$ cat upload-v2.cif   # mmCIF, N, CA and C atoms
data_model
loop_
_atom_site.label_atom_id
_atom_site.label_comp_id
_atom_site.auth_asym_id
_atom_site.auth_seq_id
_atom_site.Cartn_x
_atom_site.Cartn_y
_atom_site.Cartn_z
N MET A 392 -65.30 164.87 -222.36
CA MET A 392 -65.24 165.20 -223.76
C MET A 392 -65.33 166.72 -223.90
N VAL A 393 -64.65 167.29 -224.83
CA VAL A 393 -64.58 168.73 -225.04
C VAL A 393 -65.94 169.32 -225.38
N ILE A 394 -66.71 168.67 -226.22
CA ILE A 394 -68.00 169.19 -226.65
C ILE A 394 -68.93 169.32 -225.46
N GLU A 395 -69.01 168.30 -224.60
CA GLU A 395 -69.87 168.34 -223.43
C GLU A 395 -69.47 169.49 -222.51
N ALA A 396 -68.20 169.66 -222.28
CA ALA A 396 -67.72 170.73 -221.41
C ALA A 396 -68.10 172.09 -221.98
N THR A 397 -67.99 172.25 -223.28
CA THR A 397 -68.35 173.51 -223.91
C THR A 397 -69.83 173.80 -223.73
N ILE A 398 -70.67 172.82 -223.92
CA ILE A 398 -72.11 173.00 -223.77
C ILE A 398 -72.44 173.36 -222.33
N ILE A 399 -71.86 172.69 -221.36
CA ILE A 399 -72.14 172.97 -219.96
C ILE A 399 -71.67 174.38 -219.60
N VAL A 400 -70.50 174.77 -220.04
CA VAL A 400 -70.02 176.12 -219.76
C VAL A 400 -70.93 177.15 -220.39
N PHE A 401 -71.32 176.93 -221.64
CA PHE A 401 -72.21 177.87 -222.32
C PHE A 401 -73.56 177.94 -221.61
N MET A 402 -74.15 176.79 -221.30
CA MET A 402 -75.47 176.77 -220.68
C MET A 402 -75.43 177.32 -219.26
N SER A 403 -74.32 177.17 -218.55
CA SER A 403 -74.26 177.70 -217.19
C SER A 403 -74.30 179.22 -217.19
N SER A 404 -73.86 179.85 -218.28
CA SER A 404 -73.96 181.30 -218.35
C SER A 404 -75.40 181.72 -218.65
N VAL A 405 -76.17 180.85 -219.30
CA VAL A 405 -77.57 181.13 -219.58
C VAL A 405 -78.43 180.83 -218.36
N ASN A 406 -78.17 179.72 -217.70
CA ASN A 406 -78.95 179.30 -216.54
C ASN A 406 -78.00 178.91 -215.42
N PRO A 407 -77.88 179.76 -214.39
CA PRO A 407 -76.95 179.47 -213.30
C PRO A 407 -77.21 178.13 -212.61
N ALA A 408 -78.42 177.61 -212.69
CA ALA A 408 -78.72 176.33 -212.03
C ALA A 408 -77.97 175.18 -212.65
N LEU A 409 -77.44 175.36 -213.88
CA LEU A 409 -76.74 174.27 -214.55
C LEU A 409 -75.25 174.25 -214.25
N ARG A 410 -74.75 175.19 -213.46
CA ARG A 410 -73.33 175.18 -213.12
C ARG A 410 -72.98 173.91 -212.35
N ASP A 411 -71.83 173.39 -212.64
CA ASP A 411 -71.35 172.17 -211.99
C ASP A 411 -72.35 171.03 -212.10
N ASN A 412 -73.07 170.98 -213.22
CA ASN A 412 -74.06 169.93 -213.48
C ASN A 412 -75.16 169.89 -212.43
N GLU A 413 -75.44 171.01 -211.80
CA GLU A 413 -76.48 171.06 -210.77
C GLU A 413 -77.85 171.01 -211.39
N GLU A 414 -78.74 170.29 -210.77
CA GLU A 414 -80.14 170.31 -211.13
C GLU A 414 -80.83 171.25 -210.16
N PRO A 415 -81.93 171.89 -210.58
CA PRO A 415 -82.64 172.77 -209.65
C PRO A 415 -83.21 171.95 -208.49
N THR A 416 -83.23 172.54 -207.31
CA THR A 416 -83.77 171.84 -206.14
C THR A 416 -84.68 172.78 -205.36
N LEU A 417 -85.57 172.19 -204.60
CA LEU A 417 -86.43 172.92 -203.67
C LEU A 417 -86.33 172.19 -202.34
N GLY A 418 -86.36 172.91 -201.25
CA GLY A 418 -86.30 172.28 -199.93
C GLY A 418 -87.67 171.82 -199.49
N LEU A 419 -88.12 170.70 -200.04
CA LEU A 419 -89.46 170.19 -199.73
C LEU A 419 -89.39 169.13 -198.65
N THR A 420 -90.45 169.04 -197.87
CA THR A 420 -90.52 168.00 -196.84
C THR A 420 -91.55 166.95 -197.25
N ARG A 421 -91.35 165.75 -196.78
CA ARG A 421 -92.28 164.66 -197.10
C ARG A 421 -93.66 165.01 -196.58
N LEU A 422 -94.68 164.53 -197.28
CA LEU A 422 -96.05 164.86 -196.94
C LEU A 422 -96.58 164.01 -195.81
N ASP A 423 -97.55 164.56 -195.11
CA ASP A 423 -98.20 163.87 -193.99
C ASP A 423 -99.43 163.14 -194.54
N ARG A 424 -99.33 161.84 -194.68
CA ARG A 424 -100.44 161.07 -195.25
C ARG A 424 -101.64 160.96 -194.31
N SER A 425 -101.46 161.32 -193.04
CA SER A 425 -102.60 161.31 -192.12
C SER A 425 -103.41 162.60 -192.23
N ASN A 426 -102.87 163.59 -192.93
CA ASN A 426 -103.56 164.86 -193.15
C ASN A 426 -104.73 164.61 -194.09
N PRO A 427 -105.94 165.11 -193.75
CA PRO A 427 -107.11 164.86 -194.61
C PRO A 427 -107.09 165.64 -195.93
N THR A 428 -106.19 166.59 -196.07
CA THR A 428 -106.08 167.35 -197.32
C THR A 428 -105.61 166.43 -198.44
N LEU A 429 -106.21 166.57 -199.61
CA LEU A 429 -105.82 165.74 -200.75
C LEU A 429 -104.32 165.87 -201.01
N LEU A 430 -103.70 164.77 -201.41
CA LEU A 430 -102.24 164.76 -201.62
C LEU A 430 -101.79 165.81 -202.63
N HIS A 431 -102.50 165.93 -203.76
CA HIS A 431 -102.05 166.90 -204.77
C HIS A 431 -102.16 168.34 -204.24
N GLU A 432 -103.11 168.60 -203.35
CA GLU A 432 -103.22 169.93 -202.75
C GLU A 432 -102.07 170.16 -201.76
N GLN A 433 -101.66 169.11 -201.05
CA GLN A 433 -100.50 169.22 -200.16
C GLN A 433 -99.23 169.48 -200.96
N VAL A 434 -99.10 168.80 -202.09
CA VAL A 434 -97.92 168.99 -202.96
C VAL A 434 -97.90 170.43 -203.47
N ALA A 435 -99.04 170.92 -203.96
CA ALA A 435 -99.12 172.29 -204.47
C ALA A 435 -98.77 173.29 -203.36
N ALA A 436 -99.27 173.05 -202.16
CA ALA A 436 -99.00 173.95 -201.03
C ALA A 436 -97.51 173.94 -200.68
N GLU A 437 -96.89 172.79 -200.73
CA GLU A 437 -95.47 172.68 -200.41
C GLU A 437 -94.62 173.41 -201.45
N ILE A 438 -94.97 173.29 -202.72
CA ILE A 438 -94.24 174.00 -203.77
C ILE A 438 -94.48 175.50 -203.65
N ARG A 439 -95.73 175.90 -203.37
CA ARG A 439 -96.03 177.32 -203.16
C ARG A 439 -95.18 177.90 -202.04
N ARG A 440 -95.07 177.15 -200.94
CA ARG A 440 -94.30 177.61 -199.78
C ARG A 440 -92.84 177.80 -200.16
N ALA A 441 -92.29 176.83 -200.88
CA ALA A 441 -90.88 176.90 -201.28
C ALA A 441 -90.63 178.12 -202.17
N ILE A 442 -91.55 178.38 -203.08
CA ILE A 442 -91.40 179.53 -203.96
C ILE A 442 -91.56 180.83 -203.17
N ALA A 443 -92.54 180.89 -202.29
CA ALA A 443 -92.77 182.09 -201.48
C ALA A 443 -91.58 182.39 -200.59
N GLU A 444 -90.87 181.36 -200.14
CA GLU A 444 -89.70 181.55 -199.28
C GLU A 444 -88.43 181.82 -200.09
N GLY A 445 -88.57 181.94 -201.40
CA GLY A 445 -87.44 182.33 -202.23
C GLY A 445 -86.53 181.21 -202.69
N GLU A 446 -86.96 179.96 -202.55
CA GLU A 446 -86.12 178.85 -202.99
C GLU A 446 -86.06 178.74 -204.51
N ALA A 447 -87.01 179.38 -205.18
CA ALA A 447 -87.00 179.52 -206.64
C ALA A 447 -87.79 180.78 -206.95
N GLY A 448 -87.28 181.57 -207.87
CA GLY A 448 -87.94 182.82 -208.22
C GLY A 448 -88.43 182.81 -209.65
N PRO A 449 -89.16 183.85 -210.03
CA PRO A 449 -89.66 183.94 -211.40
C PRO A 449 -88.55 183.76 -212.43
N GLY A 450 -88.83 182.90 -213.41
CA GLY A 450 -87.86 182.62 -214.47
C GLY A 450 -86.96 181.43 -214.17
N GLU A 451 -86.92 180.99 -212.92
CA GLU A 451 -86.04 179.88 -212.56
C GLU A 451 -86.75 178.54 -212.74
N ARG A 452 -85.94 177.53 -213.06
CA ARG A 452 -86.47 176.17 -213.19
C ARG A 452 -86.63 175.54 -211.82
N ILE A 453 -87.61 174.65 -211.73
CA ILE A 453 -87.74 173.80 -210.55
C ILE A 453 -87.58 172.36 -211.01
N PRO A 454 -87.36 171.43 -210.07
CA PRO A 454 -87.13 170.04 -210.47
C PRO A 454 -88.28 169.44 -211.27
N GLN A 455 -87.97 168.41 -212.03
CA GLN A 455 -88.97 167.69 -212.80
C GLN A 455 -89.94 166.98 -211.87
N ALA A 456 -91.10 166.65 -212.39
CA ALA A 456 -92.17 166.03 -211.59
C ALA A 456 -91.69 164.74 -210.92
N ARG A 457 -90.94 163.91 -211.65
CA ARG A 457 -90.51 162.64 -211.05
C ARG A 457 -89.55 162.87 -209.88
N ASP A 458 -88.71 163.92 -209.98
CA ASP A 458 -87.79 164.23 -208.89
C ASP A 458 -88.53 164.79 -207.68
N LEU A 459 -89.52 165.65 -207.95
CA LEU A 459 -90.35 166.18 -206.85
C LEU A 459 -91.11 165.04 -206.17
N ALA A 460 -91.61 164.11 -206.97
CA ALA A 460 -92.36 162.98 -206.42
C ALA A 460 -91.48 162.15 -205.49
N ALA A 461 -90.25 161.89 -205.91
CA ALA A 461 -89.33 161.11 -205.08
C ALA A 461 -89.02 161.85 -203.78
N GLU A 462 -88.83 163.17 -203.88
CA GLU A 462 -88.51 163.96 -202.70
C GLU A 462 -89.67 164.01 -201.71
N LEU A 463 -90.90 164.06 -202.24
CA LEU A 463 -92.09 164.17 -201.39
C LEU A 463 -92.67 162.82 -200.99
N GLY A 464 -92.23 161.76 -201.64
CA GLY A 464 -92.74 160.43 -201.32
C GLY A 464 -94.13 160.16 -201.87
N VAL A 465 -94.41 160.70 -203.08
CA VAL A 465 -95.71 160.48 -203.71
C VAL A 465 -95.50 160.04 -205.16
N ASN A 466 -96.58 159.68 -205.81
CA ASN A 466 -96.56 159.27 -207.20
C ASN A 466 -96.35 160.49 -208.10
N ALA A 467 -95.68 160.30 -209.22
CA ALA A 467 -95.42 161.40 -210.16
C ALA A 467 -96.72 162.01 -210.69
N ASN A 468 -97.77 161.20 -210.85
CA ASN A 468 -99.05 161.72 -211.32
C ASN A 468 -99.66 162.69 -210.30
N THR A 469 -99.43 162.46 -209.02
CA THR A 469 -99.90 163.37 -207.99
C THR A 469 -99.20 164.72 -208.12
N VAL A 470 -97.90 164.68 -208.38
CA VAL A 470 -97.14 165.92 -208.58
C VAL A 470 -97.61 166.63 -209.85
N LEU A 471 -97.84 165.89 -210.92
CA LEU A 471 -98.31 166.50 -212.16
C LEU A 471 -99.66 167.18 -211.95
N ARG A 472 -100.52 166.56 -211.17
CA ARG A 472 -101.82 167.18 -210.87
C ARG A 472 -101.63 168.48 -210.08
N ALA A 473 -100.72 168.48 -209.12
CA ALA A 473 -100.41 169.69 -208.35
C ALA A 473 -99.82 170.76 -209.25
N LEU A 474 -98.95 170.37 -210.16
CA LEU A 474 -98.34 171.33 -211.08
C LEU A 474 -99.37 171.96 -212.01
N ARG A 475 -100.38 171.18 -212.40
CA ARG A 475 -101.46 171.74 -213.22
C ARG A 475 -102.24 172.79 -212.43
N VAL A 476 -102.46 172.54 -211.14
CA VAL A 476 -103.13 173.53 -210.29
C VAL A 476 -102.29 174.80 -210.23
N LEU A 477 -100.99 174.64 -210.00
CA LEU A 477 -100.09 175.79 -209.92
C LEU A 477 -100.00 176.51 -211.26
N ARG A 478 -100.05 175.77 -212.35
CA ARG A 478 -100.06 176.39 -213.68
C ARG A 478 -101.32 177.23 -213.85
N ASP A 479 -102.46 176.70 -213.44
CA ASP A 479 -103.73 177.43 -213.56
C ASP A 479 -103.74 178.67 -212.67
N GLU A 480 -103.01 178.63 -211.57
CA GLU A 480 -102.89 179.79 -210.68
C GLU A 480 -101.89 180.81 -211.20
N GLY A 481 -101.10 180.42 -212.19
CA GLY A 481 -100.10 181.32 -212.74
C GLY A 481 -98.77 181.29 -212.01
N VAL A 482 -98.54 180.28 -211.17
CA VAL A 482 -97.29 180.19 -210.41
C VAL A 482 -96.17 179.57 -211.24
N VAL A 483 -96.50 178.55 -212.04
CA VAL A 483 -95.49 177.89 -212.86
C VAL A 483 -96.01 177.75 -214.29
N GLU A 484 -95.06 177.52 -215.19
CA GLU A 484 -95.41 177.14 -216.56
C GLU A 484 -94.64 175.88 -216.89
N MET A 485 -95.30 175.00 -217.60
CA MET A 485 -94.66 173.76 -217.99
C MET A 485 -94.37 173.85 -219.48
N GLY A 486 -93.08 173.82 -219.80
CA GLY A 486 -92.65 173.97 -221.18
C GLY A 486 -92.56 172.64 -221.89
N ARG A 487 -91.96 172.71 -223.06
CA ARG A 487 -91.73 171.49 -223.83
C ARG A 487 -90.86 170.54 -223.03
N GLY A 488 -91.04 169.30 -223.27
CA GLY A 488 -90.27 168.31 -222.51
C GLY A 488 -90.75 168.30 -221.08
N ARG A 489 -89.80 168.38 -220.17
CA ARG A 489 -90.16 168.32 -218.75
C ARG A 489 -89.75 169.60 -218.02
N SER A 490 -89.55 170.68 -218.74
CA SER A 490 -89.12 171.93 -218.15
C SER A 490 -90.27 172.59 -217.39
N ILE A 491 -90.00 172.94 -216.13
CA ILE A 491 -91.00 173.62 -215.30
C ILE A 491 -90.33 174.88 -214.77
N ARG A 492 -90.93 176.03 -215.04
CA ARG A 492 -90.37 177.31 -214.61
C ARG A 492 -91.36 178.04 -213.73
N VAL A 493 -90.82 178.77 -212.75
CA VAL A 493 -91.63 179.64 -211.90
C VAL A 493 -91.96 180.87 -212.72
N THR A 494 -93.23 181.27 -212.72
CA THR A 494 -93.64 182.45 -213.47
C THR A 494 -93.98 183.63 -212.56
N SER A 495 -94.41 183.34 -211.34
CA SER A 495 -94.73 184.43 -210.41
C SER A 495 -94.70 183.90 -208.99
N THR A 496 -94.80 184.81 -208.06
CA THR A 496 -94.86 184.40 -206.66
C THR A 496 -96.29 184.02 -206.33
N PRO A 497 -96.50 183.18 -205.33
CA PRO A 497 -97.85 182.74 -204.99
C PRO A 497 -98.83 183.87 -204.69
N ASP A 498 -98.39 184.96 -204.06
CA ASP A 498 -99.30 186.05 -203.74
C ASP A 498 -99.95 186.60 -205.00
N ARG A 499 -99.15 186.89 -206.00
CA ARG A 499 -99.67 187.43 -207.25
C ARG A 499 -100.56 186.40 -207.95
N SER A 500 -100.19 185.13 -207.87
CA SER A 500 -100.94 184.11 -208.57
C SER A 500 -102.34 183.94 -207.98
N VAL A 501 -102.49 184.15 -206.68
CA VAL A 501 -103.81 184.05 -206.06
C VAL A 501 -104.72 185.11 -206.64
N VAL A 502 -104.20 186.30 -206.81
CA VAL A 502 -104.98 187.39 -207.40
C VAL A 502 -105.37 187.02 -208.84
N ALA A 503 -104.41 186.49 -209.60
CA ALA A 503 -104.70 186.10 -210.98
C ALA A 503 -105.79 185.03 -211.03
N LEU A 504 -105.73 184.07 -210.11
CA LEU A 504 -106.74 183.01 -210.07
C LEU A 504 -108.11 183.60 -209.76
N LYS A 505 -108.17 184.51 -208.80
CA LYS A 505 -109.44 185.14 -208.43
C LYS A 505 -109.98 185.98 -209.59
N LEU A 506 -109.08 186.64 -210.34
CA LEU A 506 -109.52 187.41 -211.50
C LEU A 506 -110.14 186.49 -212.56
N LYS A 507 -109.51 185.34 -212.77
CA LYS A 507 -110.06 184.38 -213.73
C LYS A 507 -111.44 183.92 -213.29
N GLU A 508 -111.58 183.67 -211.98
CA GLU A 508 -112.88 183.26 -211.44
C GLU A 508 -113.91 184.36 -211.62
N LEU A 509 -113.51 185.62 -211.41
CA LEU A 509 -114.41 186.75 -211.57
C LEU A 509 -114.85 186.89 -213.03
N VAL A 510 -113.91 186.76 -213.95
CA VAL A 510 -114.24 186.85 -215.37
C VAL A 510 -115.22 185.75 -215.75
N GLU A 511 -115.00 184.55 -215.26
CA GLU A 511 -115.90 183.44 -215.55
C GLU A 511 -117.29 183.68 -214.95
N LEU A 512 -117.35 184.16 -213.71
CA LEU A 512 -118.63 184.47 -213.07
C LEU A 512 -119.37 185.55 -213.86
N ALA A 513 -118.66 186.61 -214.25
CA ALA A 513 -119.27 187.69 -215.01
C ALA A 513 -119.81 187.17 -216.35
N ARG A 514 -119.04 186.31 -216.99
CA ARG A 514 -119.49 185.72 -218.26
C ARG A 514 -120.76 184.92 -218.07
N GLN A 515 -120.80 184.12 -216.97
CA GLN A 515 -121.99 183.31 -216.68
C GLN A 515 -123.21 184.19 -216.40
N GLN A 516 -122.97 185.36 -215.88
CA GLN A 516 -124.06 186.29 -215.56
C GLN A 516 -124.43 187.19 -216.74
N GLY A 517 -123.74 187.02 -217.87
CA GLY A 517 -124.08 187.74 -219.08
C GLY A 517 -123.32 189.04 -219.30
N TYR A 518 -122.29 189.30 -218.48
CA TYR A 518 -121.49 190.52 -218.66
C TYR A 518 -120.37 190.27 -219.66
N ARG A 519 -120.13 191.30 -220.49
CA ARG A 519 -119.00 191.25 -221.40
C ARG A 519 -117.76 191.72 -220.64
N ARG A 520 -116.61 191.42 -221.21
CA ARG A 520 -115.34 191.79 -220.57
C ARG A 520 -115.23 193.31 -220.38
N ASP A 521 -115.61 194.09 -221.39
CA ASP A 521 -115.52 195.55 -221.27
C ASP A 521 -116.45 196.08 -220.18
N GLU A 522 -117.60 195.43 -220.00
CA GLU A 522 -118.51 195.83 -218.92
C GLU A 522 -117.89 195.52 -217.55
N LEU A 523 -117.24 194.39 -217.46
CA LEU A 523 -116.57 194.02 -216.21
C LEU A 523 -115.44 195.00 -215.89
N VAL A 524 -114.66 195.36 -216.89
CA VAL A 524 -113.57 196.32 -216.70
C VAL A 524 -114.14 197.65 -216.22
N ALA A 525 -115.24 198.09 -216.83
CA ALA A 525 -115.87 199.35 -216.41
C ALA A 525 -116.35 199.26 -214.96
N MET A 526 -116.88 198.13 -214.57
CA MET A 526 -117.32 197.95 -213.18
C MET A 526 -116.13 198.04 -212.24
N LEU A 527 -115.03 197.39 -212.60
CA LEU A 527 -113.82 197.43 -211.75
C LEU A 527 -113.27 198.85 -211.65
N GLU A 528 -113.25 199.55 -212.77
CA GLU A 528 -112.74 200.92 -212.76
C GLU A 528 -113.61 201.87 -211.96
N SER A 529 -114.91 201.56 -211.84
CA SER A 529 -115.81 202.44 -211.09
C SER A 529 -115.71 202.21 -209.57
N LEU A 530 -115.06 201.13 -209.16
CA LEU A 530 -114.90 200.88 -207.72
C LEU A 530 -113.98 201.92 -207.10
N PRO A 531 -114.27 202.33 -205.87
CA PRO A 531 -113.35 203.28 -205.22
C PRO A 531 -112.01 202.62 -204.93
N SER A 532 -110.93 203.33 -205.17
CA SER A 532 -109.61 202.77 -204.88
C SER A 532 -109.23 203.12 -203.45
N HIS A 533 -108.65 202.16 -202.79
CA HIS A 533 -108.26 202.36 -201.37
C HIS A 533 -106.79 202.36 -201.22
#
$ encode --input "upload-v2.cif" --output "structure tokens"
Amino acid sequence: MVIEATIIVFMSSVNPALRDNEEPTLGLTRLDRSNPTLLHEQVAAEIRRAIAEGEAGPGERIPQARDLAAELGVNANTVLRALRVLRDEGVVEMGRGRSIRVTSTPDRSVVALKLKELVELARQQGYRRDELVAMLESLPSH
């Protein structure tokens, strides 16, 4: 139909992943169920690895949770739990519907996660944000 073709052509210029009706993919491997690491942590690690190796970059979409679950051989809820971990780390954002986008590389997200932990620790110890910033600024830079 002409309308569908027009939409696909238009959207492919906005998002290259939609060219030729392509869905975003990641080169993930099935998980090792004999590994004592929790499944959702294995899923998060596998997605982190794929992003770190450049299979998806900031601003790009990654497959939906159900597709990732099928690829990894786990339940979709396990993938959703892993995606929430990655969201909290700042690696991905989950938009309206089922859209999942990479927001940063794992290296940067680890720093962001540690900063959030530091802010929380400082708050628990009674420090205000401006006091914490002053403490950070007073540290010697290397």
$ residues_around --input "upload-v2.cif" --residues "segment 477-494 of chain A" --least-positions-apart "6" --cutoff "6 Å" --atoms "all atoms listed in the file" --output "NGL selection string"
:A and (448-453 or 455 or 500-501 or 503-504)
$ resolve_selection --input "upload-v2.cif" --expression "the PyMOL selection byres ((chain A and resi 416) around 6.5)" --output "JSON, numbers by chain"
{"A": [414, 415, 417, 418, 446, 452, 453, 454]}
$ residues_around --input "upload-v2.cif" --residues "Arg457 of chain A" --least-positions-apart "4" --cutoff "7 Å" --atoms "all atoms listed in the file" --output "list in words"
Ala461, Glu462, Asn466 and Ala467 of chain A
$ atom_distance --input "upload-v2.cif" --atom1 "atom CA of Val434 of chain A" --atom2 "atom CA of Leu459 of chain A"
9.0 Å
$ residues_around --input "upload-v2.cif" --residues "segment 420-426 of chain A" --least-positions-apart "2" --cutoff "7 Å" --atoms "only N, CA and C atoms" --output "PyMOL selection string"
chain A and resi 417-418+428-429+433+437+462-465
$ write_last_selection --input "upload-v2.cif" --atoms "N, CA and C atoms" --output "compact mmCIF listing (two decimals), in the frame of the given file"
# COMPACT_ATOMS: atom_id res chain seq x y z
N LEU A 417 -85.57 172.19 -204.60
CA LEU A 417 -86.43 172.92 -203.67
C LEU A 417 -86.33 172.19 -202.34
N GLY A 418 -86.36 172.91 -201.25
CA GLY A 418 -86.30 172.28 -199.93
C GLY A 418 -87.67 171.82 -199.49
N THR A 428 -106.19 166.59 -196.07
CA THR A 428 -106.08 167.35 -197.32
C THR A 428 -105.61 166.43 -198.44
N LEU A 429 -106.21 166.57 -199.61
CA LEU A 429 -105.82 165.74 -200.75
C LEU A 429 -104.32 165.87 -201.01
N GLN A 433 -101.66 169.11 -201.05
CA GLN A 433 -100.50 169.22 -200.16
C GLN A 433 -99.23 169.48 -200.96
N GLU A 437 -96.89 172.79 -200.73
CA GLU A 437 -95.47 172.68 -200.41
C GLU A 437 -94.62 173.41 -201.45
N GLU A 462 -88.83 163.17 -203.88
CA GLU A 462 -88.51 163.96 -202.70
C GLU A 462 -89.67 164.01 -201.71
N LEU A 463 -90.90 164.06 -202.24
CA LEU A 463 -92.09 164.17 -201.39
C LEU A 463 -92.67 162.82 -200.99
N GLY A 464 -92.23 161.76 -201.64
CA GLY A 464 -92.74 160.43 -201.32
C GLY A 464 -94.13 160.16 -201.87
N VAL A 465 -94.41 160.70 -203.08
CA VAL A 465 -95.71 160.48 -203.71
C VAL A 465 -95.50 160.04 -205.16
